[in-house]
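Student: One structure coming up, written as structure tokens, with questions to follow.
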Amino acid sequence: MSKKEKKVMPKKVEVKKIVKSVKEKTSKATPAGKQEKDTSASERGKKTYNLLRGMHDILPKDEKYWKPMYQNASNLASHFQFGRLETPILEEIGLFVRSLGKGTDVVDKEMYVFEDKDGVKVCMRPELTAAAVRAYIMHGMWNMPQPVKLWYFAPMFRHDRPQAGRYRQFHQVGFETFGHADPSADAEMILIAFNFYKDLGLPVEIHINSLGTPAERATYKIELVNYYRSKRSYLCEECRNRLVKNPMRLLDCKEERCQSVKEDAPQIINWLGVESKNHFMKVLEYLDELSIPYQLDSTLVRGLNYYTHTVFEVYVADAEISAQSALGGGGRYDLLVEEMGGRPTPAVGVALGLERSVLALKQYNEKHHLEIKKVPTEAFVAQLGDEARRITLKIIDELRFGGVKIAFNLCKTSLKTQLELADNLKVPFAVIIGQKEVQDGTAIIRDMESGIQEIVDQKKLIPVLKRKLGKFDDKK
RNA sequence: GUGGCUAUAGUUUAGUGGUAAAACUGCGGUUUGUGGUACCGCUAUCGAGAGUUCGAUUCUCUCUAGCCACCCCA
């Protein structure tokens, strides 16, 4: 016991632990154990904090999903010439009410709205398109060579009821193109969304529809309502409400009794004018050319009011993976810039939900027994004693410049434990530096498979390691 | 926002009206210079609060959170 104490004395943490374990032992031994328990409870009785509802931490274990998502988005953006846009989380409420439209769920019940200390009503952004439009107008981007292409990777906020893959703070990666009316812009958006998932290794398909112009939609709406009104007695209660409130949503109904009514319902495509129809057909031609799998979906409406012409959503191309419906979606919003006070500017955009994508990707990989490969660790640097530890940190830094992917743990003092860690990581080599090596200015390189060790000069460590790893120095 | 299900160590799961079991992980140890094994030890106010009870982790209620369906969306 005394030996033990002596050993650990210099370390505060260890002392505490010993004290604690001694306490516990005595408390167990004595019948007055209850008292002991009480004191320890009050000792530890500090409040712990939980997350707010619908909020989540993104932990290191999911870095393997988040990192490639950011990299993919960033690569696609630079390839397709999108510039990074970063806007504030807080904006004026009006921005979203005006762009998304009153009557949409997002505006009516999901926005985080509060008054700040100046009594100004502010809103935490529920999406970014409106902010992008604001930025486009505010910074006079119509004076730049068109199209202006912007992308973002950012958190959004919606006060919805949480579910798996559905959070109150969630991330979207999105792309917006301003000043490009041609169907090729629509196709480009869909291509980017498609590639984003392709690069992640998740097969997706596109559901697509056209909403035409507001005028065309209005005529269609009348026709739709007329049709549904004639079948009113067959409808579910929900749909009777929709008939008045939001007729476009009638087509979404999943009630069995409404299905037969839905089958013969007029389809919006037949009510589009020649121009709108042409635009849509051209988008589809592009998709055929690009071999992007898509489904025409005459019931696809989308819940934000600003869309015109093309609308689309991205789904996992595997019905068994329940990823909370669409992974992402987008469409054209040719009238929004003008509506928001800018010059008439055609625009198209897409937003992808990242938490949902991670969820879908996890499920997909699990089903197909796939794993995301990490960059393998090439060597473990083990150290023994204070002197060695000091040298080690320096050597670790040198190895970073040398481009050797290493692991280490300065927290551990025993060589045994460190080699155990090295073994768990399945590194091919361990670099061992102890008291003796510090004095000699050397290091041991241990081949973890064969156990063969070699002593090398610390200065030659990087080239020797690289040669052993099958890497060659750039100089040679 | 509506309805339903669930809540036990870091994780996954046992279990009981008499304060709890296991696996994995983590930390420490089996002389601080050598790994893959083995062994030992430590780690849970049984989601929070109230009620019924001699006694509740177990029964009841409230709350909270998560999940599922709907609504909607990403």
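By convention here, the chains of the structure tokens are called A, B, ... in the order presented, each chain's residues are numbered starting at 1, and ligands are numbered starting at 1 in the order presented.
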Please identify every residue of chain A that has at least one atom no farther than 6 Å from an atom of chain B, counting only C-alpha atoms (C1' of nucleotides), and for each give the shortest atom pair and the distance in Å to one decimal, arranged by chain then increasing number, as JSON lines.
Tutor:
{"residue": "A:Gly328", "atom": "CA", "partner": "B:A74", "partner_atom": "C1'", "distance": 5.6}
{"residue": "A:Gly353", "atom": "CA", "partner": "B:A74", "partner_atom": "C1'", "distance": 4.0}
{"residue": "A:Ser414", "atom": "CA", "partner": "B:U32", "partner_atom": "C1'", "distance": 5.2}
{"residue": "A:Leu419", "atom": "CA", "partner": "B:G35", "partner_atom": "C1'", "distance": 4.7}
{"residue": "A:Glu420", "atom": "CA", "partner": "B:G35", "partner_atom": "C1'", "distance": 4.6}
{"residue": "A:Asp423", "atom": "CA", "partner": "B:G35", "partner_atom": "C1'", "distance": 5.6}
Student: Filtering to N, CA and C atoms, could you give me those residues as a compact mmCIF listing (two decimals), in the first residue's frame?
Tutor:
# COMPACT_ATOMS: atom_id res chain seq x y z
N GLY A 328 -33.53 15.61 -49.76
CA GLY A 328 -33.35 17.01 -50.14
C GLY A 328 -34.30 17.35 -51.26
N GLY A 353 -30.61 17.82 -46.92
CA GLY A 353 -30.60 17.67 -45.46
C GLY A 353 -29.51 16.71 -45.04
N SER A 414 3.19 3.36 -19.41
CA SER A 414 3.85 2.07 -19.58
C SER A 414 3.93 1.70 -21.06
N LEU A 419 2.01 -0.23 -26.53
CA LEU A 419 2.08 -1.21 -27.61
C LEU A 419 0.73 -1.90 -27.82
N GLU A 420 0.00 -1.99 -26.72
CA GLU A 420 -1.34 -2.55 -26.80
C GLU A 420 -2.22 -1.65 -27.69
N ASP A 423 -1.28 -1.98 -31.19
CA ASP A 423 -1.80 -3.22 -31.73
C ASP A 423 -3.28 -3.08 -32.12
Student: Got a sec: who's within 9 Å of stretch 374-387 of chain A, counting only C-alpha atoms (C1' of nucleotides), leaving out chain neighbours fewer than 2 positions off, as a VMD selection string?
Tutor: (chain A and resid 64 372 389 to 392 395 to 396 404 to 410 412 to 415 418 to 419 421 to 422 425 to 435 438 465 469) or (chain B and resid 32 to 33)
Student: Near A:Asn246, counting only C-alpha atoms (C1' of nucleotides), which residues have an atom at most 10 Å away, once you skip same-chain residues fewer than 6 positions from it, shown as a ChimeraX atom specification?
Tutor: /A:103-104,221,225,239-240
Student: With a distance cut-off of 12 Å and only C-alpha atoms (C1' of nucleotides), select the neighbouring residues of B:U12, excluding the residue or stretch itself and same-chain residues fewer than 2 positions from it, and output the selection as a ChimeraX atom specification.
Tutor: /B:8-10,14,22-25
Student: With C-alpha atoms (C1' of nucleotides) retained, could you export that selection as an mmCIF file, in the first residue's frame?
Tutor:
data_model
loop_
_atom_site.group_PDB
_atom_site.id
_atom_site.type_symbol
_atom_site.label_atom_id
_atom_site.label_comp_id
_atom_site.auth_asym_id
_atom_site.auth_seq_id
_atom_site.Cartn_x
_atom_site.Cartn_y
_atom_site.Cartn_z
ATOM 1 C "C1'" U B 8 -31.726 0.263 -16.090
ATOM 2 C "C1'" A B 9 -23.459 1.769 -16.283
ATOM 3 C "C1'" G B 10 -20.225 5.146 -22.032
ATOM 4 C "C1'" A B 14 -31.080 -9.000 -18.151
ATOM 5 C "C1'" A B 22 -24.097 -9.514 -17.790
ATOM 6 C "C1'" A B 23 -21.374 -8.540 -22.289
ATOM 7 C "C1'" C B 24 -18.503 -4.944 -24.841
ATOM 8 C "C1'" U B 25 -15.874 -0.374 -24.087
#
Student: Would you give me, as a ChimeraX atom specification, the residues in stretch 276-455 of chain A that DSSP reads as alpha helix (DSSP H)?
Tutor: /A:276-290,336-339,354-367,386-402,415-425,435-440
Student: Among stretch 112-281 of chain A, which residues does DSSP mark as strand (DSSP E) when it is run on the backbone? Keep the chain and numbering as in the structure and answer as a VMD selection string.
Tutor: chain A and resid 112 to 115 121 to 124 148 to 157 169 to 178 204 to 210
Student: How about saving the chosen residues, N, CA and C atoms kept, as a short mmCIF file (atom, residue, chain, number, x, y, z; two decimals), in the first residue's frame?
Tutor:
data_model
loop_
_atom_site.label_atom_id
_atom_site.label_comp_id
_atom_site.auth_asym_id
_atom_site.auth_seq_id
_atom_site.Cartn_x
_atom_site.Cartn_y
_atom_site.Cartn_z
N TYR A 112 -38.29 29.89 -35.34
CA TYR A 112 -37.82 30.40 -34.06
C TYR A 112 -37.82 31.91 -34.15
N VAL A 113 -38.73 32.54 -33.42
CA VAL A 113 -38.87 33.98 -33.49
C VAL A 113 -38.78 34.54 -32.08
N PHE A 114 -38.01 35.59 -31.91
CA PHE A 114 -37.98 36.22 -30.59
C PHE A 114 -37.57 37.68 -30.70
N GLU A 115 -37.75 38.38 -29.58
CA GLU A 115 -37.36 39.78 -29.55
C GLU A 115 -35.98 39.89 -28.94
N LYS A 121 -37.81 42.26 -33.45
CA LYS A 121 -38.22 40.87 -33.66
C LYS A 121 -37.29 40.21 -34.66
N VAL A 122 -36.64 39.14 -34.23
CA VAL A 122 -35.71 38.47 -35.12
C VAL A 122 -36.12 37.01 -35.29
N CYS A 123 -35.53 36.40 -36.29
CA CYS A 123 -35.91 35.04 -36.65
C CYS A 123 -34.65 34.24 -36.93
N MET A 124 -34.60 33.02 -36.41
CA MET A 124 -33.48 32.13 -36.75
C MET A 124 -33.84 31.44 -38.05
N VAL A 148 -24.95 34.11 -61.36
CA VAL A 148 -24.26 34.16 -60.07
C VAL A 148 -24.60 32.88 -59.33
N LYS A 149 -23.56 32.16 -58.95
CA LYS A 149 -23.79 30.86 -58.31
C LYS A 149 -23.25 30.86 -56.89
N LEU A 150 -24.10 30.51 -55.95
CA LEU A 150 -23.72 30.53 -54.54
C LEU A 150 -23.98 29.17 -53.90
N TRP A 151 -23.13 28.82 -52.94
CA TRP A 151 -23.41 27.59 -52.18
C TRP A 151 -23.20 27.83 -50.70
N TYR A 152 -23.80 26.98 -49.89
CA TYR A 152 -23.67 27.12 -48.43
C TYR A 152 -23.70 25.75 -47.76
N PHE A 153 -23.18 25.73 -46.56
CA PHE A 153 -23.19 24.53 -45.71
C PHE A 153 -23.42 25.07 -44.32
N ALA A 154 -24.64 24.96 -43.82
CA ALA A 154 -24.94 25.74 -42.63
C ALA A 154 -26.11 25.17 -41.83
N PRO A 155 -26.16 25.53 -40.54
CA PRO A 155 -27.27 25.08 -39.70
C PRO A 155 -28.54 25.91 -39.93
N MET A 156 -29.68 25.24 -39.88
CA MET A 156 -31.00 25.87 -40.02
C MET A 156 -31.81 25.51 -38.78
N PHE A 157 -32.89 26.23 -38.57
CA PHE A 157 -33.68 26.04 -37.36
C PHE A 157 -35.17 25.96 -37.67
N GLN A 169 -32.42 21.94 -34.85
CA GLN A 169 -31.27 22.55 -35.51
C GLN A 169 -30.68 21.48 -36.40
N PHE A 170 -30.64 21.75 -37.70
CA PHE A 170 -30.14 20.74 -38.62
C PHE A 170 -29.31 21.44 -39.69
N HIS A 171 -28.58 20.65 -40.44
CA HIS A 171 -27.68 21.24 -41.43
C HIS A 171 -28.15 20.99 -42.85
N GLN A 172 -27.98 21.98 -43.65
CA GLN A 172 -28.25 21.83 -45.06
C GLN A 172 -27.03 22.25 -45.85
N VAL A 173 -26.81 21.55 -46.96
CA VAL A 173 -25.88 22.07 -47.93
C VAL A 173 -26.75 22.43 -49.12
N GLY A 174 -26.50 23.60 -49.67
CA GLY A 174 -27.38 24.06 -50.73
C GLY A 174 -26.64 24.82 -51.81
N PHE A 175 -27.25 24.85 -52.98
CA PHE A 175 -26.69 25.55 -54.14
C PHE A 175 -27.78 26.41 -54.76
N GLU A 176 -27.43 27.64 -55.15
CA GLU A 176 -28.41 28.53 -55.77
C GLU A 176 -27.76 29.17 -56.99
N THR A 177 -28.50 29.18 -58.09
CA THR A 177 -28.02 29.85 -59.30
C THR A 177 -28.97 30.98 -59.67
N PHE A 178 -28.43 32.20 -59.80
CA PHE A 178 -29.26 33.35 -60.17
C PHE A 178 -28.94 33.79 -61.60
N VAL A 204 -29.23 7.36 -55.24
CA VAL A 204 -30.48 8.10 -55.06
C VAL A 204 -31.22 8.21 -56.39
N GLU A 205 -32.50 8.55 -56.28
CA GLU A 205 -33.25 8.84 -57.49
C GLU A 205 -34.01 10.14 -57.28
N ILE A 206 -34.38 10.73 -58.40
CA ILE A 206 -34.99 12.06 -58.35
C ILE A 206 -36.49 11.94 -58.64
N HIS A 207 -37.28 12.60 -57.84
CA HIS A 207 -38.70 12.73 -58.15
C HIS A 207 -38.90 14.15 -58.67
N ILE A 208 -39.59 14.26 -59.78
CA ILE A 208 -39.62 15.57 -60.42
C ILE A 208 -41.01 15.90 -60.95
N ASN A 209 -41.30 17.19 -60.96
CA ASN A 209 -42.59 17.68 -61.43
C ASN A 209 -42.40 19.13 -61.88
N SER A 210 -43.40 19.64 -62.57
CA SER A 210 -43.35 21.06 -62.91
C SER A 210 -44.62 21.74 -62.42
#
Student: Quick one: residues within 12 Å of A:Arg168, only C-alpha atoms (C1' of nucleotides), excluding same-chain residues fewer than 3 positions away - as a short mmCIF file (atom, residue, chain, number, x, y, z; two decimals) with N, CA and C atoms (P, O5', C5', C4', C3', O3' and C1' of nucleotides), in the first residue's frame?
Tutor:
data_model
loop_
_atom_site.label_atom_id
_atom_site.label_comp_id
_atom_site.auth_asym_id
_atom_site.auth_seq_id
_atom_site.Cartn_x
_atom_site.Cartn_y
_atom_site.Cartn_z
N LEU A 51 -29.47 18.27 -23.50
CA LEU A 51 -29.72 19.08 -24.69
C LEU A 51 -31.16 19.57 -24.69
N LEU A 52 -31.37 20.70 -25.30
CA LEU A 52 -32.71 21.17 -25.56
C LEU A 52 -33.37 20.20 -26.53
N ARG A 53 -34.67 20.18 -26.48
CA ARG A 53 -35.42 19.26 -27.34
C ARG A 53 -35.07 19.48 -28.83
N GLY A 54 -34.85 18.37 -29.51
CA GLY A 54 -34.62 18.45 -30.94
C GLY A 54 -33.22 18.91 -31.32
N MET A 55 -32.36 19.11 -30.32
CA MET A 55 -30.98 19.53 -30.60
C MET A 55 -30.08 18.29 -30.51
N HIS A 56 -28.96 18.31 -31.19
CA HIS A 56 -28.07 17.15 -31.10
C HIS A 56 -26.63 17.57 -31.28
N VAL A 106 -43.86 26.06 -42.40
CA VAL A 106 -42.58 26.58 -41.93
C VAL A 106 -42.76 27.96 -41.30
N GLU A 110 -43.27 26.87 -37.45
CA GLU A 110 -41.97 26.26 -37.17
C GLU A 110 -40.82 27.24 -36.97
N MET A 111 -41.07 28.52 -37.11
CA MET A 111 -39.93 29.44 -37.03
C MET A 111 -39.59 29.80 -35.59
N TYR A 112 -38.29 29.89 -35.34
CA TYR A 112 -37.82 30.40 -34.06
C TYR A 112 -37.82 31.91 -34.15
N MET A 124 -34.60 33.02 -36.41
CA MET A 124 -33.48 32.13 -36.75
C MET A 124 -33.84 31.44 -38.05
N ARG A 125 -32.96 31.54 -39.01
CA ARG A 125 -33.32 31.10 -40.37
C ARG A 125 -33.82 29.65 -40.42
N PRO A 126 -34.95 29.45 -41.07
CA PRO A 126 -35.46 28.10 -41.27
C PRO A 126 -34.94 27.49 -42.57
N GLU A 127 -34.36 28.30 -43.42
CA GLU A 127 -33.79 27.84 -44.68
C GLU A 127 -32.90 28.97 -45.20
N PRO A 155 -26.16 25.53 -40.54
CA PRO A 155 -27.27 25.08 -39.70
C PRO A 155 -28.54 25.91 -39.93
N MET A 156 -29.68 25.24 -39.88
CA MET A 156 -31.00 25.87 -40.02
C MET A 156 -31.81 25.51 -38.78
N PHE A 157 -32.89 26.23 -38.57
CA PHE A 157 -33.68 26.04 -37.36
C PHE A 157 -35.17 25.96 -37.67
N ARG A 158 -35.79 24.88 -37.24
CA ARG A 158 -37.24 24.79 -37.37
C ARG A 158 -37.81 24.12 -36.13
N HIS A 159 -38.79 24.77 -35.53
CA HIS A 159 -39.37 24.24 -34.31
C HIS A 159 -40.44 23.21 -34.66
N ASP A 160 -39.96 22.04 -35.04
CA ASP A 160 -40.84 20.96 -35.44
C ASP A 160 -40.78 19.90 -34.36
N ARG A 161 -41.65 18.91 -34.42
CA ARG A 161 -41.54 17.82 -33.46
C ARG A 161 -40.44 16.87 -33.92
N PRO A 162 -39.46 16.61 -33.04
CA PRO A 162 -38.29 15.84 -33.49
C PRO A 162 -38.60 14.37 -33.74
N GLN A 163 -37.85 13.81 -34.62
CA GLN A 163 -37.89 12.38 -34.95
C GLN A 163 -36.50 12.02 -35.46
N ALA A 164 -36.28 10.74 -35.69
CA ALA A 164 -34.97 10.37 -36.22
C ALA A 164 -34.73 11.10 -37.54
N GLY A 165 -33.57 11.71 -37.68
CA GLY A 165 -33.26 12.42 -38.92
C GLY A 165 -34.01 13.73 -39.07
N HIS A 171 -28.58 20.65 -40.44
CA HIS A 171 -27.68 21.24 -41.43
C HIS A 171 -28.15 20.99 -42.85
N GLU A 355 -28.33 15.67 -41.80
CA GLU A 355 -28.60 14.67 -40.75
C GLU A 355 -29.32 13.48 -41.37
P C B 73 -44.41 21.08 -46.90
"O5'" C B 73 -42.95 20.67 -46.40
"C5'" C B 73 -41.94 21.66 -46.31
"C4'" C B 73 -40.83 21.18 -45.42
"C3'" C B 73 -39.63 20.59 -46.15
"O3'" C B 73 -38.76 21.62 -46.55
"C1'" C B 73 -40.25 19.15 -44.39
P A B 74 -37.82 21.39 -47.77
"O5'" A B 74 -36.67 20.55 -47.05
"C5'" A B 74 -35.35 20.85 -47.38
"C4'" A B 74 -34.46 19.70 -47.01
"C3'" A B 74 -35.17 18.36 -47.18
"O3'" A B 74 -34.47 17.53 -48.02
"C1'" A B 74 -34.44 18.69 -44.90
#
Student: State, in Å with one decimal place, the distance from atom CA of A:Pro344 to atom CA of A:Lys102.
Tutor: 21.9 Å
Student: Mind checking which residues fall within 7 Å of stretch 128-143 of chain A, counting only C-alpha atoms (C1' of nucleotides), ignoring those fewer than 4 positions away in the same chain, and posting them as a CSV table (one decimal) with C-alpha atoms, in the first residue's frame?
Tutor:
chain,number,residue,atom,x,y,z
A,87,THR,CA,-25.1,34.6,-44.0
A,95,LEU,CA,-37.6,38.0,-45.1
A,96,PHE,CA,-39.0,34.6,-44.6
A,99,SER,CA,-40.4,34.6,-49.4
A,337,VAL,CA,-36.0,37.9,-56.6
A,342,GLY,CA,-34.8,43.0,-56.8
